[in-house]
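Asks: entry02.txt is reproduced in full below (compact mmCIF, C-alpha atoms and all ligand atoms).
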```
# COMPACT_ATOMS: atom_id res chain seq x y z
CA MET A 1 0.00 0.00 0.00
CA ALA A 2 1.04 3.62 -0.43
CA PHE A 3 1.24 5.02 3.10
CA ALA A 4 1.91 8.63 2.08
CA GLY A 5 -1.27 10.70 2.28
CA SER A 6 -3.51 7.67 2.96
CA HIS A 7 -6.33 7.32 5.44
CA ILE A 8 -5.72 4.42 7.84
CA LEU A 9 -9.20 3.07 8.52
CA SER A 10 -9.02 -0.72 8.63
CA VAL A 11 -6.47 -3.50 8.92
CA ASP A 12 -7.87 -4.74 5.59
CA GLN A 13 -5.60 -2.16 3.94
CA PHE A 14 -2.47 -4.01 5.09
CA GLU A 15 -0.55 -6.78 3.37
CA LEU A 16 2.36 -8.54 5.10
CA GLU A 17 4.93 -6.37 3.31
CA ASP A 18 3.20 -3.20 4.62
CA ILE A 19 3.36 -4.54 8.15
CA GLU A 20 7.04 -5.35 7.71
CA ARG A 21 7.69 -1.81 6.44
CA LEU A 22 5.78 -0.32 9.38
CA PHE A 23 7.61 -2.50 11.93
CA ASP A 24 11.01 -1.63 10.42
CA VAL A 25 10.20 2.05 10.89
CA ALA A 26 8.84 1.33 14.41
CA ASP A 27 12.20 -0.28 15.27
CA LEU A 28 13.90 2.93 14.08
CA MET A 29 11.62 4.89 16.43
CA LEU A 30 12.59 2.92 19.55
CA PRO A 31 15.43 5.26 20.69
CA TYR A 32 13.00 8.23 20.52
CA ALA A 33 10.18 6.34 22.20
CA ARG A 34 12.56 5.28 24.98
CA ARG A 35 13.75 8.88 25.47
CA GLU A 36 17.34 8.14 24.52
CA ARG A 37 17.24 10.52 21.57
CA THR A 38 14.97 13.25 20.16
CA THR A 39 13.91 14.17 16.62
CA ARG A 40 12.12 17.25 15.23
CA VAL A 41 11.11 15.73 11.90
CA LEU A 42 7.46 16.85 12.26
CA GLU A 43 8.23 20.28 13.73
CA GLY A 44 5.46 22.62 12.57
CA ALA A 45 2.95 19.86 11.80
CA VAL A 46 -0.32 19.74 13.76
CA LEU A 47 -2.29 16.63 14.75
CA GLY A 48 -6.02 16.90 15.50
CA ASN A 49 -6.88 14.25 18.07
CA LEU A 50 -10.69 13.97 18.03
CA PHE A 51 -11.98 11.54 20.63
CA PHE A 52 -15.76 11.28 20.84
CA GLU A 53 -15.53 8.23 23.14
CA PRO A 54 -13.61 7.66 26.42
CA SER A 55 -9.91 6.88 26.07
CA THR A 56 -6.72 7.15 28.08
CA ARG A 57 -4.00 5.26 26.27
CA SER A 58 -5.02 5.66 22.65
CA ARG A 59 -5.56 9.42 22.98
CA LEU A 60 -2.43 10.06 25.02
CA SER A 61 -0.19 7.75 23.03
CA PHE A 62 -1.27 9.17 19.67
CA GLY A 63 -0.56 12.63 21.09
CA ALA A 64 2.74 11.68 22.72
CA ALA A 65 3.89 9.85 19.57
CA PHE A 66 3.25 12.99 17.50
CA ASN A 67 5.02 15.15 20.10
CA ARG A 68 8.03 12.82 20.10
CA LEU A 69 8.33 13.48 16.36
CA GLY A 70 8.45 17.21 17.14
CA GLY A 71 4.82 17.91 16.11
CA TYR A 72 2.03 19.78 17.90
CA VAL A 73 -1.26 18.29 19.10
CA ARG A 74 -4.76 19.80 19.44
CA GLU A 75 -7.53 17.71 20.93
CA THR A 76 -11.23 17.62 21.53
CA THR A 77 -12.83 15.03 23.81
CA GLY A 78 -16.47 13.94 23.99
CA PHE A 79 -19.46 15.39 22.15
CA ALA A 80 -20.46 17.83 24.88
CA PHE A 81 -17.70 20.34 24.11
CA SER A 82 -17.79 20.02 20.31
CA SER A 83 -20.21 21.55 17.82
CA MET A 84 -21.64 18.09 17.19
CA ALA A 85 -23.66 18.81 20.34
CA LYS A 86 -25.27 21.62 18.27
CA GLY A 87 -26.15 19.18 15.51
CA GLU A 88 -23.16 19.67 13.21
CA SER A 89 -22.78 16.82 10.71
CA ILE A 90 -19.72 14.60 10.41
CA TYR A 91 -19.08 16.04 6.92
CA ASP A 92 -19.03 19.64 8.18
CA THR A 93 -16.94 18.85 11.26
CA SER A 94 -14.42 16.92 9.20
CA ARG A 95 -14.12 19.63 6.54
CA VAL A 96 -13.69 22.33 9.19
CA VAL A 97 -10.94 20.63 11.20
CA ALA A 98 -9.16 19.51 8.01
CA GLY A 99 -8.49 23.19 7.38
CA TYR A 100 -6.66 23.44 10.71
CA MET A 101 -4.70 20.18 10.92
CA ASP A 102 -2.17 18.12 8.93
CA ILE A 103 -3.50 14.76 10.10
CA LEU A 104 -6.47 13.61 12.18
CA VAL A 105 -7.03 10.74 14.60
CA VAL A 106 -10.74 10.09 15.18
CA ARG A 107 -12.49 7.85 17.70
CA HIS A 108 -16.28 7.61 17.51
CA PRO A 109 -18.90 5.35 19.17
CA ASP A 110 -20.61 4.46 15.85
CA GLU A 111 -19.24 1.81 13.53
CA GLY A 112 -18.43 3.40 10.17
CA ALA A 113 -18.38 7.00 11.49
CA VAL A 114 -14.61 7.39 11.14
CA GLN A 115 -14.89 6.24 7.51
CA GLU A 116 -17.51 8.96 7.00
CA PHE A 117 -15.10 11.49 8.52
CA ALA A 118 -12.37 10.38 6.12
CA ALA A 119 -14.66 10.52 3.09
CA ALA A 120 -15.03 14.29 3.62
CA THR A 121 -11.34 15.22 3.44
CA HIS A 122 -7.99 14.67 1.74
CA VAL A 123 -6.20 15.27 5.06
CA PRO A 124 -5.21 11.78 6.31
CA VAL A 125 -7.56 10.32 8.92
CA ILE A 126 -6.48 7.51 11.26
CA ASN A 127 -9.17 5.36 12.84
CA GLY A 128 -8.71 5.49 16.63
CA GLY A 129 -11.63 3.07 17.13
CA ASP A 130 -15.12 3.18 15.58
CA GLY A 131 -17.63 1.67 18.02
CA PRO A 132 -17.58 -2.13 17.85
CA GLY A 133 -15.98 -1.92 14.37
CA GLU A 134 -12.21 -1.69 14.18
CA HIS A 135 -9.16 -0.37 15.99
CA PRO A 136 -6.37 -0.84 13.44
CA THR A 137 -3.52 0.86 15.30
CA GLN A 138 -4.19 -1.21 18.42
CA ALA A 139 -3.96 -4.37 16.30
CA LEU A 140 -0.69 -3.17 14.78
CA LEU A 141 0.86 -2.49 18.18
CA ASP A 142 -0.51 -5.80 19.47
CA LEU A 143 1.10 -7.65 16.57
CA TYR A 144 4.35 -5.70 17.00
CA THR A 145 4.37 -6.75 20.68
CA LEU A 146 3.47 -10.34 19.88
CA CYS A 147 6.33 -10.58 17.37
CA ARG A 148 8.82 -9.11 19.84
CA GLU A 149 7.64 -11.36 22.68
CA LEU A 150 8.02 -14.49 20.52
CA GLY A 151 11.18 -13.26 18.75
CA LEU A 152 9.51 -13.51 15.31
CA ARG A 153 8.90 -11.23 12.32
CA PRO A 154 5.58 -10.64 10.51
CA GLY A 155 5.01 -13.55 8.13
CA GLY A 156 6.89 -15.85 10.52
CA LEU A 157 4.11 -16.66 12.99
CA GLY A 158 2.98 -19.77 11.06
CA GLY A 159 1.68 -22.56 13.32
CA MET A 160 1.14 -20.26 16.30
CA HIS A 161 -1.71 -21.03 18.67
CA ILE A 162 -3.57 -18.06 20.20
CA ALA A 163 -6.51 -17.89 22.61
CA VAL A 164 -8.72 -14.81 22.37
CA VAL A 165 -10.84 -14.53 25.49
CA GLY A 166 -13.83 -12.51 26.69
CA ASP A 167 -16.07 -10.19 24.71
CA LEU A 168 -15.26 -11.21 21.16
CA LYS A 169 -18.50 -9.79 19.76
CA TYR A 170 -18.13 -6.12 20.69
CA GLY A 171 -14.34 -6.09 21.27
CA ARG A 172 -13.04 -4.20 18.24
CA THR A 173 -9.38 -4.84 19.12
CA VAL A 174 -10.00 -8.58 18.66
CA HIS A 175 -11.71 -7.95 15.32
CA SER A 176 -8.74 -6.00 14.01
CA LEU A 177 -6.07 -8.29 15.50
CA THR A 178 -7.58 -11.55 14.21
CA LYS A 179 -7.91 -10.05 10.71
CA LEU A 180 -4.27 -8.98 10.80
CA LEU A 181 -3.17 -12.40 12.06
CA ALA A 182 -5.18 -14.01 9.24
CA LEU A 183 -2.37 -12.91 6.90
CA GLU A 184 -0.11 -15.51 8.55
CA GLU A 185 -0.06 -19.25 7.72
CA ARG A 186 -1.99 -22.02 9.56
CA LEU A 187 -2.75 -20.44 12.91
CA THR A 188 -5.06 -21.94 15.51
CA PHE A 189 -7.50 -19.55 17.18
CA ASN A 190 -9.18 -20.65 20.40
CA CYS A 191 -12.11 -18.27 20.73
CA VAL A 192 -13.15 -18.43 24.39
CA ALA A 193 -16.47 -16.66 25.01
CA PRO A 194 -20.11 -17.32 25.89
CA ALA A 195 -22.18 -18.02 22.77
CA GLU A 196 -23.79 -14.56 22.79
CA LEU A 197 -20.38 -12.83 22.89
CA GLN A 198 -18.58 -15.04 20.38
CA LEU A 199 -16.56 -13.75 17.45
CA PRO A 200 -18.89 -12.55 14.65
CA ASP A 201 -19.69 -15.34 12.14
CA SER A 202 -18.29 -13.32 9.27
CA LEU A 203 -14.89 -13.19 10.99
CA VAL A 204 -14.93 -16.90 11.84
CA ARG A 205 -15.69 -17.66 8.17
CA HIS A 206 -12.93 -15.28 7.04
CA LEU A 207 -10.32 -16.98 9.26
CA ARG A 208 -11.38 -20.46 8.16
CA ALA A 209 -11.38 -19.44 4.49
CA ARG A 210 -7.75 -18.39 4.90
CA GLY A 211 -6.84 -21.86 6.16
CA HIS A 212 -6.78 -21.25 9.91
CA GLU A 213 -8.27 -23.52 12.52
CA VAL A 214 -10.94 -21.79 14.63
CA ILE A 215 -12.19 -23.46 17.81
CA LEU A 216 -15.17 -21.87 19.59
CA THR A 217 -15.47 -22.74 23.27
CA GLU A 218 -16.91 -21.51 26.56
CA ASP A 219 -14.39 -23.48 28.61
CA LEU A 220 -11.74 -21.05 29.86
CA ALA A 221 -9.32 -23.61 31.35
CA GLU A 222 -9.36 -25.73 28.22
CA GLY A 223 -9.22 -22.71 25.92
CA ILE A 224 -6.07 -21.20 27.42
CA SER A 225 -4.09 -24.43 27.92
CA ASP A 226 -1.65 -25.40 25.21
CA VAL A 227 -1.43 -21.99 23.49
CA ASP A 228 1.49 -19.61 22.84
CA VAL A 229 -0.47 -16.45 23.57
CA VAL A 230 -3.59 -15.53 25.54
CA TYR A 231 -5.26 -12.26 24.44
CA ALA A 232 -7.82 -11.33 27.11
CA THR A 233 -10.42 -8.57 26.69
CA ARG A 234 -12.82 -6.53 28.77
CA VAL A 235 -16.60 -7.08 28.56
CA GLN A 236 -17.66 -4.04 26.51
CA GLU A 237 -20.59 -3.24 28.80
CA GLU A 238 -21.22 0.17 27.21
CA ARG A 239 -22.03 -1.47 23.86
CA PHE A 240 -24.66 -3.87 25.27
CA PRO A 241 -28.37 -3.28 24.67
CA GLU A 242 -29.91 -1.74 27.79
CA GLY A 243 -31.15 -3.98 30.61
CA ILE A 244 -28.72 -6.86 30.07
CA ASP A 245 -26.80 -7.88 33.19
CA VAL A 246 -23.19 -8.62 32.35
CA SER A 247 -21.78 -9.32 35.83
CA ALA A 248 -21.91 -13.13 35.50
CA ARG A 249 -20.08 -12.84 32.18
CA LYS A 250 -17.31 -10.86 33.80
CA GLU A 251 -16.75 -13.58 36.43
CA GLN A 252 -16.56 -16.34 33.88
CA PHE A 253 -13.42 -15.28 32.01
CA ARG A 254 -11.03 -14.09 34.69
CA ILE A 255 -7.49 -15.43 34.70
CA ASP A 256 -5.36 -15.27 37.85
CA ALA A 257 -1.91 -16.60 38.76
CA GLU A 258 -3.35 -19.80 40.20
CA LEU A 259 -5.26 -20.69 37.02
CA TYR A 260 -2.30 -19.64 34.86
CA ASP A 261 0.07 -21.94 36.74
CA LYS A 262 -2.43 -24.79 36.69
CA VAL A 263 -3.41 -24.86 33.04
CA CYS A 264 -1.09 -22.69 30.88
CA ARG A 265 2.14 -23.88 29.31
CA PRO A 266 5.14 -22.23 31.00
CA GLY A 267 6.05 -19.12 29.03
CA THR A 268 2.54 -18.47 27.66
CA VAL A 269 2.44 -14.75 26.80
CA LEU A 270 -0.43 -12.81 28.39
CA MET A 271 -1.83 -9.84 26.47
CA HIS A 272 -4.77 -7.44 26.89
CA PRO A 273 -5.50 -4.19 25.03
CA LEU A 274 -6.39 -2.57 28.38
CA PRO A 275 -8.15 -1.11 30.29
CA ARG A 276 -8.50 -4.05 32.69
CA ASP A 277 -11.88 -3.63 34.40
CA SER A 278 -10.91 -3.69 38.09
CA ARG A 279 -14.36 -2.88 39.47
CA GLY A 280 -15.32 -5.66 41.88
CA GLY A 281 -11.77 -6.10 43.15
CA THR A 282 -10.28 -8.14 40.33
CA SER A 283 -10.08 -8.03 36.53
CA GLU A 284 -9.79 -10.16 33.38
CA LEU A 285 -6.08 -10.62 34.16
CA ALA A 286 -5.84 -10.50 37.96
CA ASP A 287 -3.27 -8.41 39.82
CA SER A 288 -1.68 -11.66 41.05
CA LEU A 289 -0.13 -11.82 37.55
CA ASN A 290 1.51 -8.38 37.82
CA THR A 291 4.97 -9.66 38.72
CA ARG A 292 5.06 -12.30 35.98
CA GLY A 293 7.52 -11.74 33.13
CA GLU A 294 4.99 -13.27 30.71
CA LEU A 295 2.51 -10.44 31.38
CA ALA A 296 3.11 -8.28 28.30
CA ILE A 297 0.28 -5.76 28.81
CA PHE A 298 2.47 -2.78 29.65
CA ARG A 299 4.95 -3.64 26.93
CA GLN A 300 1.91 -3.42 24.63
CA THR A 301 1.11 0.10 25.85
CA ASP A 302 4.78 1.13 25.65
CA ASN A 303 4.93 -0.19 22.06
CA GLY A 304 1.99 2.06 21.13
CA ILE A 305 4.47 4.92 20.91
CA PRO A 306 6.98 3.57 18.34
CA VAL A 307 4.21 1.98 16.25
CA ARG A 308 2.12 5.17 16.13
CA MET A 309 5.24 7.27 15.50
CA ALA A 310 6.04 4.98 12.55
CA LEU A 311 2.53 5.32 11.16
CA PHE A 312 2.62 9.13 11.39
CA ALA A 313 6.07 9.24 9.77
CA LEU A 314 4.95 6.99 6.89
CA VAL A 315 1.59 8.67 6.29
CA LEU A 316 3.18 12.14 6.38
CA ASP A 317 6.07 10.80 4.26
CA VAL A 318 9.03 11.71 6.47
CA ALA A 319 10.18 8.22 7.53
CA ASP A 320 13.52 8.65 5.71
CA GLN A 321 14.24 12.03 7.36
CA VAL A 322 13.82 11.11 11.02
CA THR A 323 17.52 11.05 11.92
CA ALA A 324 18.33 14.38 10.19
CA THR A 325 17.30 16.39 13.28
CA ASP A 326 18.38 13.76 15.77
CA ARG A 327 20.14 14.50 19.06
CA ALA A 328 20.68 12.87 22.45
CA ALA A 329 17.99 13.35 25.11
CA THR A 330 19.60 14.73 28.25
CA TRP A 331 16.88 14.60 30.88
CA PHE A 332 16.34 11.90 33.54
CA THR A 333 14.61 8.69 32.46
CA PRO A 334 14.26 5.75 34.89
CA ARG A 335 15.60 2.31 34.00
CA ARG A 336 12.09 0.85 34.33
CA PHE A 337 8.78 2.70 34.00
CA GLY A 338 6.76 0.59 36.47
CA VAL A 339 7.68 -0.60 39.96
CA LEU A 340 6.70 -4.18 39.12
CA ASP A 341 8.23 -4.22 35.61
CA THR A 342 10.36 -7.29 35.03
CA ARG A 343 12.51 -5.86 32.20
CA ASP A 344 14.60 -2.72 31.72
CA ILE A 345 13.33 -0.20 29.15
CA LEU A 346 16.37 -0.75 26.96
CA SER A 347 16.09 -4.54 26.89
C1 LIG A 401 -9.75 -0.89 23.80
C2 LIG A 401 -10.67 -0.05 22.96
O1 LIG A 401 -10.86 1.12 23.25
O2 LIG A 401 -11.19 -0.63 22.04
N1 LIG A 401 -8.73 -0.23 24.43
C3 LIG A 401 -7.71 0.35 23.75
O3 LIG A 401 -7.87 1.07 22.80
N2 LIG A 401 -6.47 0.06 24.17
C4 LIG A 401 -10.39 -1.95 24.54
C5 LIG A 401 -11.47 -1.64 25.52
O4 LIG A 401 -12.02 -0.55 25.60
O5 LIG A 401 -11.82 -2.59 26.25
```
What is this structure when it is put down as structure tokens?
Replies:
Amino acid sequence: MAFAGSHILSVDQFELEDIERLFDVADLMLPYARRERTTRVLEGAVLGNLFFEPSTRSRLSFGAAFNRLGGYVRETTGFAFSSMAKGESIYDTSRVVAGYMDILVVRHPDEGAVQEFAAATHVPVINGGDGPGEHPTQALLDLYTLCRELGLRPGGLGGMHIAVVGDLKYGRTVHSLTKLLALEERLTFNCVAPAELQLPDSLVRHLRARGHEVILTEDLAEGISDVDVVYATRVQEERFPEGIDVSARKEQFRIDAELYDKVCRPGTVLMHPLPRDSRGGTSELADSLNTRGELAIFRQTDNGIPVRMALFALVLDVADQVTATDRAATWFTPRRFGVLDTRDILS
């Protein structure tokens, strides 16, 4: 695909060679993401970060990634403080902000709304999550993390066995990640969810048509044993029709250290797009796993920076100029970001 000037709306746009290109650039971005060096390659450029749905990591990491390339960020959050609350259409809003910004990241609660945003402008639009639809940059950073955890490159995951667990119906990160993984050869997907929250039929058919094995199960212990990677997700309560009680569903798919030790192969990588839903005292991946080296969830969030930097650099066509304004960063950075982290930042 041609990255320069393109909208990034779906993982369907990516072939393996595009992912390889993106990951090569993401590797180049690591010294800037880790605060060893700085670059000003996007100095003067302005990102419009338009988040019409709650977000912590996507919004902040898109913004921080743009800042680390030397660019400026303007944001709007929620509908209440935007003119959409006065009835402005997506077309008008998009056309207006396109006049102010060089690139836009848009998150919206309705599936397809970000595509509508993009259709109104030639300024590149990146999908930051459209309702239960897609979340392409999350899938890219998930795959980048998965490759680094397993020591593999895109195209080299053939034969891998992954369990996706939880709300597979409304969880857009699973939709995007499984589609991206479908580009690999002969994977096995254990889809662990209650029947009413299973992976959409169209996706199951897509994976099977590409030669992958797809096993649908409600049995958590069985589903997460004998896999290389477990990708857990939050029950997307806010997307449920009103009046449905989801609490029992939340209980059913929780993994803690005891279950992990009992049923998982040693070394099984644990992933989650976050946020973990900690209401009720525990979450999909319990705190008892926090000291485990296999828990990759914060390496996922850290990797959001180099991957999003790479995407900005490719879409704005400056990937080959990044080192031209490069210098050492001189301020204090700790050796590890989190008190329970098991690896140094530079490892
Ligand atoms: C997810 C999202 O917003 O789709 N989080 C994220 O972007 N990292 C998952 C979620 O909300 O559960």
Asks: Can you pull out every residue within 10 Å of Val204 in chain A, counting only C-alpha atoms, but drop anything in the same chain fewer than 6 positions away, and send it as number ranges by chain?
Replies: A: 178-179, 189, 191, 198, 212-216
Asks: Per residue of chain A within 6 Å of ligand LIG 401 (chain A), note the shortest atom pair and the distance in Å to one decimal, counting all atoms listed in the file, and order the rows by chain and increasing residue number, as CSV.
Replies:
```
residue,atom,partner,partner_atom,distance
A:Ser58,CA,A:LIG401,O3,5.4
A:Arg172,CA,A:LIG401,O2,5.5
A:Thr173,CA,A:LIG401,O2,5.4
A:Arg234,CA,A:LIG401,O5,4.8
A:Pro273,CA,A:LIG401,N2,4.4
A:Leu274,CA,A:LIG401,N2,5.0
A:Pro275,CA,A:LIG401,O5,5.7
```
Asks: Which residues of range 212-323 of chain A come within 6 Å of range 25-34 of chain A, and for each one, what is the closest pair of atoms and their distance in Å to one decimal, counting only C-alpha atoms, sorted by chain and residue number, as JSON lines?
Replies:
```
{"residue": "A:Pro306", "atom": "CA", "partner": "A:Ala26", "partner_atom": "CA", "distance": 4.9}
{"residue": "A:Val307", "atom": "CA", "partner": "A:Ala26", "partner_atom": "CA", "distance": 5.0}
{"residue": "A:Ala310", "atom": "CA", "partner": "A:Ala26", "partner_atom": "CA", "distance": 5.0}
```
Asks: Using Å and a single decimal, report how far CA of Ala118 in chain A sits from CA of Tyr91 in chain A.
Replies: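 Separation of CA of Tyr91 in chain A and CA of Ala118 in chain A: 8.8 Å.
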Asks: Can you tell me how far CA of Val125 in chain A sits from CA of Arg57 in chain A, in Å to one decimal?
Replies: 18.4 Å
Asks: In Å, rounded to a single decimal, give me how far CA of Ala232 in chain A is from CA of Ala163 in chain A.
Replies: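 According to the coordinates, CA of Ala163 in chain A and CA of Ala232 in chain A are separated by 8.1 Å.
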Asks: Excluding Asp110 in chain A and any residue of its chain fewer than 5 positions from it, enumerate the residues within 9 Å of it, using all atoms listed in the file, and give them as an MDAnalysis selection string.
Replies: chainID A and resid 130:133
Asks: Would you list the contacts of range 248-264 of chain A as number ranges by chain, taking every protein, DNA or RNA residue within 7 Å and counting all atoms listed in the file, but skipping same-chain residues closer than 4 positions in sequence?
Replies: A: 166, 220-221, 224-226, 235, 268, 283-286, 288-289
Asks: Those selected residues, please, written with C-alpha atoms and delivered as a CSV table (one decimal), keeping the file's coordinate frame.
Replies:
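And here is the file that came out, again-v9.csv:
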```
chain,number,residue,atom,x,y,z
A,166,GLY,CA,-13.8,-12.5,26.7
A,220,LEU,CA,-11.7,-21.0,29.9
A,221,ALA,CA,-9.3,-23.6,31.4
A,224,ILE,CA,-6.1,-21.2,27.4
A,225,SER,CA,-4.1,-24.4,27.9
A,226,ASP,CA,-1.6,-25.4,25.2
A,235,VAL,CA,-16.6,-7.1,28.6
A,268,THR,CA,2.5,-18.5,27.7
A,283,SER,CA,-10.1,-8.0,36.5
A,284,GLU,CA,-9.8,-10.2,33.4
A,285,LEU,CA,-6.1,-10.6,34.2
A,286,ALA,CA,-5.8,-10.5,38.0
A,288,SER,CA,-1.7,-11.7,41.0
A,289,LEU,CA,-0.1,-11.8,37.6
```
Asks: Counting only C-alpha atoms, what is within 12 Å of range 315-329 of chain A, bar same-chain residues fewer than 6 positions away, as a PyMOL selection string?
Replies: chain A and resi 1-8+21-43+45-47+66+68-71+102-104+123-126+308-309
Asks: Using all atoms listed in the file, find the one residue out of A:Val269, A:Ala195, A:Leu180, A:Ala65 that sits nearest to Ser10 in chain A.
Replies: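 For Ser10 in chain A, the nearest of the candidates is A:Leu180.
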Asks: Rank A:Asp12, A:Glu53, A:Glu17, A:Glu218 by their smallest atom-to-atom distance to Arg153 in chain A, using only C-alpha atoms, and report the top residue only.
Replies: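 When distances to Arg153 in chain A are compared using only C-alpha atoms, the smallest one comes from A:Glu17.
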Asks: Of the candidates A:Arg205, A:Leu9, A:Thr301, A:Gly128, which one gets nearest to Glu116 in chain A if we count only C-alpha atoms?
Replies: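 Among A:Arg205, A:Leu9, A:Thr301, A:Gly128, it is A:Leu9 that comes nearest to Glu116 in chain A.
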